[in-house]
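See below for the structure under consideration.
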Amino acid sequence: MIPHSHALVPLQPQRRAAMQAIGYVESRSETAHRQGRYPYAHAFFRFMGKLTIGLNDIRMLDGTFDPSQRGRPGKERYIAALDMLISTRGASCPSPLSGWVGSSLFPEVESRERQRGNSVPV
């Protein structure tokens with residue numbers, strides 16, 4: 001076991017907030033029915049210091065978000081996609097989130113896939 005003084009802590013605030021959101025939601029799993037919609041996304045923004053999720057918060061996370069463009073997905077779809085991304089620990093990065101959001105929050109997934117893709121089966 002790694003002592004707390006040597007524990008690895010992500011330096012990027014968004015990555016740290018994603019890790020904290022996973023721990024927070026899963027520690028409260030017995031009360032999941034009372035957590036509301038998109039518990040991972042709401043916990044993520046809470047750990048980022050935001051009590052409510054605004055349009056600028058979504059834009060800071062994903063630069064492709066532009067609610068003024070006609071036919072583009074709205075804030076609700078981005079929150080749902082972020083919730084899915086965090087709940088699967090980066091294994092699923094659904095549309096409308098851009099792929100770099102997933103790789104910036106969970107870089108280990110891309111590294112793991114690259115390692116497994118390059119390995120030769122025995």
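By order of appearance in the structure tokens: chains A, B, ..., then residues from 1 within every chain, and ligands from 1 in the order shown.
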
**Request:** Determine, counting only C-alpha atoms, which protein, DNA and RNA residues have an atom within 10 Å of an atom of Asp66 (chain A); residues of the same chain fewer than 5 positions away are not included. Present the result as an NGL selection string.
**Result:** :A and (55-56 or 58-59 or 72-75)

Hey, which bits of region 7-76 of chain A sit within 9 Å of region 88-102 of chain A, and for each residue what's the closest pair of atoms and how far apart in Å (one decimal), counting only C-alpha atoms, rows by chain and increasing number, as JSON lines?
```
{"residue": "A:Ala18", "atom": "CA", "partner": "A:Arg89", "partner_atom": "CA", "distance": 8.6}
{"residue": "A:Met19", "atom": "CA", "partner": "A:Arg89", "partner_atom": "CA", "distance": 8.7}
{"residue": "A:Ile22", "atom": "CA", "partner": "A:Arg89", "partner_atom": "CA", "distance": 8.1}
{"residue": "A:Leu61", "atom": "CA", "partner": "A:Val101", "partner_atom": "CA", "distance": 7.2}
{"residue": "A:Asp62", "atom": "CA", "partner": "A:Val101", "partner_atom": "CA", "distance": 6.5}
{"residue": "A:Gly63", "atom": "CA", "partner": "A:Ser98", "partner_atom": "CA", "distance": 8.7}
{"residue": "A:Thr64", "atom": "CA", "partner": "A:Ser98", "partner_atom": "CA", "distance": 7.3}
{"residue": "A:Phe65", "atom": "CA", "partner": "A:Leu97", "partner_atom": "CA", "distance": 8.4}
{"residue": "A:Arg72", "atom": "CA", "partner": "A:Pro96", "partner_atom": "CA", "distance": 8.8}
{"residue": "A:Pro73", "atom": "CA", "partner": "A:Pro96", "partner_atom": "CA", "distance": 6.8}
```

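You will find CA of Asp83 (chain A) at 14.4 Å from CA of Asp57 (chain A).
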
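Across the model, the gap from CA of Arg114 (chain A) to CA of Leu82 (chain A) is 22.8 Å.
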
**Prompt:** CA of Tyr38 (chain A) to CA of Ala80 (chain A): how many Å, to one decimal?
**Reply:**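 For CA of Tyr38 (chain A) relative to CA of Ala80 (chain A), the distance reads 6.3 Å.
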
**Asked** Smallest atom-to-atom distance to Lys50 (chain A): which of A:Tyr78, A:Ser27, A:Gln12, A:Ala17, using only C-alpha atoms?
**Response**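 The closest residue to Lys50 (chain A) is A:Ala17.
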
**Message:** Would you pick out the contacts of Gln14 (chain A) at 9 Å or less, using only C-alpha atoms, so that residues sharing its chain but fewer than 5 positions from it are not included, and give the list as number ranges by chain?
**Reply:** A: 19, 44-45, 47-48, 61, 104-105

Using N, CA and C atoms, can you write the selected residues to a file as a JSON list (two decimals), in the first residue's frame?
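Wrote selection09.json, looks like this:
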```json
[["chain", "number", "residue", "atom", "x", "y", "z"],
["A", 19, "MET", "N", -11.71, 12.47, -10.77],
["A", 19, "MET", "CA", -11.39, 11.40, -9.82],
["A", 19, "MET", "C", -12.18, 11.56, -8.52],
["A", 44, "PHE", "N", -18.67, 16.39, -10.51],
["A", 44, "PHE", "CA", -17.49, 16.93, -11.19],
["A", 44, "PHE", "C", -17.47, 18.45, -11.10],
["A", 45, "PHE", "N", -18.57, 19.07, -11.45],
["A", 45, "PHE", "CA", -18.60, 20.53, -11.41],
["A", 45, "PHE", "C", -18.58, 21.06, -9.98],
["A", 47, "PHE", "N", -16.83, 19.74, -7.57],
["A", 47, "PHE", "CA", -15.41, 19.72, -7.19],
["A", 47, "PHE", "C", -14.59, 20.73, -7.97],
["A", 48, "MET", "N", -15.14, 21.23, -9.07],
["A", 48, "MET", "CA", -14.49, 22.31, -9.80],
["A", 48, "MET", "C", -14.86, 23.68, -9.20],
["A", 61, "LEU", "N", -14.92, 23.25, -20.56],
["A", 61, "LEU", "CA", -14.61, 21.83, -20.62],
["A", 61, "LEU", "C", -14.40, 21.37, -22.06],
["A", 104, "SER", "N", -8.09, 13.94, -22.14],
["A", 104, "SER", "CA", -7.49, 14.84, -21.16],
["A", 104, "SER", "C", -7.92, 14.49, -19.74],
["A", 105, "LEU", "N", -9.15, 14.00, -19.57],
["A", 105, "LEU", "CA", -9.60, 13.61, -18.22],
["A", 105, "LEU", "C", -9.09, 12.23, -17.83]]
```
